[in-house]
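Reading through the structure tokens given below for one structure.
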Amino acid sequence: MRPHILFRYSGIILLFNSGFLLLSSAVSLYYNDTALLPLLYSSLIAGLLGIFPILFVPPATDISNNEGFTIVVANWLVSCLIAQVCQKSQIGGYFGPKINLSTDISS
Amino acid sequence: MGIRIKILSGFLILVIMLALAGGWSIYEVRTMGGSVSRILDENYKSIHAAGTMTEALEREDSAMLLLLSGNETDALQIMTAADATFQEGYHIAKNNITLPGEDKLVAKIEEDYRTYRSLWPKTAEAESSLGPTWYFEKVHPAFLHLKYDISELRSLNDEAMYAAASQLEAHAHRAVMPGIVAILSALVFTLIFNYFVHYYMVGPIIRITAGVQKSMETRAPFDVNIETNDELQRLASALRNLVNRYQQKSDS
């Protein structure tokens, strides 16, 4: 098992996650809701963590079965962790519309 | 990619992570400051104005009772002073309409206060005709009505203030979370960075050193392969040429 190979492919998946989080933050910006900053922050964290192994680790052509399985499992876990970063950056993980105190009270 | 760029990128990523967390925390703290200011400006002023109006209204009611008991001079004095205080409170509330529905409440207070004031006796002749029946049938209901309107204004602002204060807690949490996330990410990143530095920089240097020593001692060929395309690979290649030439020279 070569950990650096695992890091490289996790990095690629993190970059994918980062891209989709960026897309989500664009949607959030369009709807002007409170999720924009957590999504953008998670996207940047995922991007930064993802790009680093790609800079360091040269591509490998010979990946063993065990390494492949580990890469898949590790990437699911990493994706969950990034989702947690996004959720924990927001109160209670709830992404709702911006609270307009005045409107809420009057209604 | 060169070693310098790799190391620089590592430190740069750490700096960006911490800067992002710091920037976001500053943003949240500033927003929190804005919420505090909003509570004070939008709600507390109106709550205070409602308190002033209630107090003035109660003094006016006492003045009415004094008038009924025949103490006209004191009643008039208290009435005039309380009216000025009420007007002051009313103008603060009117100039601080920040919540939906607040304008209607303020307009209602104005209308009801006009009605209440219209009940004040205008002449001494009118005063003589006043009695408890007049008070309980006309003045007291108008007083209660107006007091209810003022308490409605107060409740509206109370609720808004409570909601804004609850938001402060959320802002505080959001100001802390990016910092925690950044610290944890930086920790993980530092461990990975350390692993890479060890594996791709320190490890090859150790292998090159061992390879040179082995070649010099046993005359074995220098067979250290560096997989990265950087200065260390070029160093290994240069050393391979050097060792080969040295071995060829010593053989001849």
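Here, A, B, ... name the chains of the structure tokens in the order displayed, residue numbers run from 1 inside each chain, and ligands are numbered from 1 in the same displayed order.
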What are the closest atom pairs, with distances in Å to one decimal, for each residue of region 74-120 of chain B lying within 8 Å of region 134-152 of chain B, using only C-alpha atoms, rows by chain and rising residue number, as a Markdown table?
| residue | atom | partner | partner_atom | distance |
| --- | --- | --- | --- | --- |
| B:Leu105 | CA | B:Asp149 | CA | 6.7 |
| B:Lys108 | CA | B:Asp149 | CA | 7.1 |
| B:Ile109 | CA | B:Asp149 | CA | 6.0 |
| B:Asp112 | CA | B:Leu146 | CA | 5.7 |
| B:Tyr113 | CA | B:Leu146 | CA | 6.6 |
| B:Thr115 | CA | B:Ala142 | CA | 7.3 |
| B:Tyr116 | CA | B:Ala142 | CA | 5.7 |
| B:Leu119 | CA | B:Val139 | CA | 6.7 |
Looking only at alpha helix (DSSP H) from DSSP on the backbone, list the matching residues of chain A as a CSV table (one decimal) with C-alpha atoms, in the first residue's frame.
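For reference, states_18.csv as written:
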chain,number,residue,atom,x,y,z
A,3,PRO,CA,-0.2,6.2,1.0
A,4,HIS,CA,1.0,8.9,-1.5
A,5,ILE,CA,-1.0,7.3,-4.3
A,6,LEU,CA,-4.1,7.3,-2.0
A,7,PHE,CA,-3.4,11.0,-1.3
A,8,ARG,CA,-3.1,11.8,-5.0
A,9,TYR,CA,-6.5,10.2,-5.9
A,10,SER,CA,-8.2,11.6,-2.9
A,11,GLY,CA,-6.9,15.0,-4.0
A,12,ILE,CA,-8.6,14.5,-7.4
A,13,ILE,CA,-11.8,13.6,-5.7
A,14,LEU,CA,-11.5,16.6,-3.4
A,15,LEU,CA,-11.1,18.9,-6.5
A,16,PHE,CA,-14.3,17.4,-7.9
A,17,ASN,CA,-16.0,18.0,-4.5
A,18,SER,CA,-14.7,21.5,-4.6
A,19,GLY,CA,-16.0,22.2,-8.1
A,20,PHE,CA,-19.5,21.0,-7.2
A,21,LEU,CA,-19.5,22.9,-3.9
A,22,LEU,CA,-18.5,26.0,-5.9
A,23,LEU,CA,-21.5,25.3,-8.2
A,24,SER,CA,-23.7,25.0,-5.2
A,25,SER,CA,-22.4,28.3,-3.8
A,26,ALA,CA,-23.3,29.9,-7.1
A,27,VAL,CA,-26.9,28.6,-6.7
A,28,SER,CA,-26.8,29.9,-3.1
A,29,LEU,CA,-25.7,33.3,-4.4
A,30,TYR,CA,-28.5,33.3,-6.9
A,31,TYR,CA,-31.1,32.6,-4.2
A,36,LEU,CA,-23.2,30.9,0.5
A,37,LEU,CA,-20.3,31.4,2.9
A,38,PRO,CA,-20.2,27.9,4.3
A,39,LEU,CA,-20.4,26.4,0.8
A,40,LEU,CA,-17.7,28.8,-0.6
A,41,TYR,CA,-15.5,28.1,2.4
A,42,SER,CA,-15.9,24.3,2.1
A,43,SER,CA,-15.2,24.6,-1.6
A,44,LEU,CA,-12.0,26.5,-1.0
A,45,ILE,CA,-10.8,24.2,1.8
A,46,ALA,CA,-11.6,21.1,-0.4
A,47,GLY,CA,-9.8,22.7,-3.3
A,48,LEU,CA,-6.7,23.6,-1.3
A,49,LEU,CA,-6.5,20.2,0.3
A,50,GLY,CA,-7.1,18.6,-3.1
A,51,ILE,CA,-4.6,20.4,-5.2
A,52,PHE,CA,-1.6,19.9,-2.9
A,53,PRO,CA,-1.2,16.1,-3.4
A,54,ILE,CA,-1.5,16.6,-7.2
A,55,LEU,CA,1.4,19.0,-7.1
A,56,PHE,CA,3.5,16.7,-5.0
A,65,ASN,CA,-6.6,-3.8,-6.3
A,66,ASN,CA,-6.1,-3.1,-2.6
A,67,GLU,CA,-5.0,0.5,-3.3
A,68,GLY,CA,-8.1,0.9,-5.6
A,69,PHE,CA,-10.5,-0.3,-2.9
A,70,THR,CA,-8.8,1.9,-0.3
A,71,ILE,CA,-9.0,4.9,-2.6
A,72,VAL,CA,-12.8,4.4,-3.1
A,73,VAL,CA,-13.5,4.0,0.7
A,74,ALA,CA,-11.2,6.8,1.7
A,75,ASN,CA,-12.8,9.1,-0.9
A,76,TRP,CA,-16.3,8.4,0.4
A,77,LEU,CA,-15.0,9.3,3.9
A,78,VAL,CA,-13.3,12.4,2.7
A,79,SER,CA,-16.4,13.5,0.9
A,80,CYS,CA,-18.4,13.0,4.1
A,81,LEU,CA,-15.8,15.0,6.0
A,82,ILE,CA,-16.0,17.9,3.6
A,83,ALA,CA,-19.8,17.8,3.9
A,84,GLN,CA,-19.4,18.0,7.6
A,85,VAL,CA,-17.1,21.1,7.3
A,86,CYS,CA,-19.8,22.7,5.2
A,87,GLN,CA,-22.5,21.7,7.8
A,88,LYS,CA,-20.6,22.7,10.9
A,101,LEU,CA,-36.8,39.5,11.5
A,102,SER,CA,-39.2,42.2,10.7
A,103,THR,CA,-41.2,40.2,8.2
A,104,ASP,CA,-41.3,37.1,10.4
A,105,ILE,CA,-42.7,39.1,13.3
A,106,SER,CA,-45.3,40.9,11.4
*asked:* Need the shell around Ala63 (chain B): protein/DNA/RNA residues with any atom at most 12 Å away, counting only C-alpha atoms. Skip same-chain ones fewer than 4 positions apart. Format as a ChimeraX atom specification?
replied: /B:56-59,67-83,120-121,135,139
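Between CA of Glu60 (chain B) and CA of Asn95 (chain B) there is a distance of 23.3 Å.
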Distance-based interface of chain B with chain A, 7 Å, counting only C-alpha atoms, as a short mmCIF file (atom, residue, chain, number, x, y, z; two decimals) with N, CA and C atoms, in the first residue's frame:
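Result written to out15.cif:
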data_model
loop_
_atom_site.label_atom_id
_atom_site.label_comp_id
_atom_site.auth_asym_id
_atom_site.auth_seq_id
_atom_site.Cartn_x
_atom_site.Cartn_y
_atom_site.Cartn_z
N LYS B 6 7.13 23.50 -4.73
CA LYS B 6 6.35 22.57 -3.91
C LYS B 6 6.26 23.05 -2.46
N ILE B 13 -0.66 27.41 0.89
CA ILE B 13 -1.98 26.82 1.17
C ILE B 13 -2.34 27.00 2.64
N MET B 17 -5.57 29.10 3.97
CA MET B 17 -6.57 28.49 4.87
C MET B 17 -6.81 29.37 6.08
N LEU B 99 -40.08 48.47 11.97
CA LEU B 99 -40.69 47.15 11.80
C LEU B 99 -41.99 47.26 11.02
N PRO B 100 -42.31 46.25 10.23
CA PRO B 100 -43.59 46.28 9.53
C PRO B 100 -44.74 46.27 10.55
N GLY B 101 -45.70 47.12 10.34
CA GLY B 101 -46.84 47.20 11.26
C GLY B 101 -46.65 48.25 12.32
N ALA B 160 -39.03 41.71 18.53
CA ALA B 160 -37.97 41.91 17.53
C ALA B 160 -36.60 41.93 18.19
N ALA B 163 -35.66 38.37 19.09
CA ALA B 163 -35.24 37.62 17.89
C ALA B 163 -33.85 38.05 17.44
N ALA B 170 -26.20 32.89 17.10
CA ALA B 170 -25.85 32.21 15.84
C ALA B 170 -24.61 32.85 15.22
N ARG B 174 -21.04 31.11 14.36
CA ARG B 174 -20.49 31.16 13.01
C ARG B 174 -19.13 31.85 12.97
N MET B 177 -16.73 28.85 14.27
CA MET B 177 -16.61 27.61 13.47
C MET B 177 -15.53 27.64 12.37
N PRO B 178 -15.43 28.73 11.58
CA PRO B 178 -14.38 28.73 10.56
C PRO B 178 -12.99 28.57 11.15
N VAL B 181 -12.55 24.87 12.04
CA VAL B 181 -12.38 24.10 10.79
C VAL B 181 -11.00 24.36 10.21
N PHE B 189 -3.48 19.03 7.07
CA PHE B 189 -2.64 19.43 5.96
C PHE B 189 -1.16 19.37 6.33
N THR B 228 10.29 11.60 -8.94
CA THR B 228 9.77 12.96 -9.15
C THR B 228 10.65 13.71 -10.16
#
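Using only C-alpha atoms for every distance, the candidate list B:Ala49, B:Leu40, B:Leu168, B:Leu18 yields B:Leu18 as the residue closest to Ala186 (chain B).
Relative to CA of Ala172 (chain B), CA of Glu28 (chain B) is found at 7.4 Å.
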*Contacts of Phe11 (chain B) at 10 Å (only C-alpha atoms; same-chain gap of 6+ positions) as JSON, numbers by chain*: {"B": [5, 17, 190, 193]}
*asked:* For a quick check of understanding, using only C-alpha atoms, which of B:Lys104, B:Arg117, B:Arg38, B:Lys94 has the smallest distance to Ala164 (chain B)?
replied: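 Closest candidate: B:Arg38.
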*One-decimal distance in Å that lies between CA of Gly89 (chain B) and CA of His48 (chain B)*: 8.0 Å
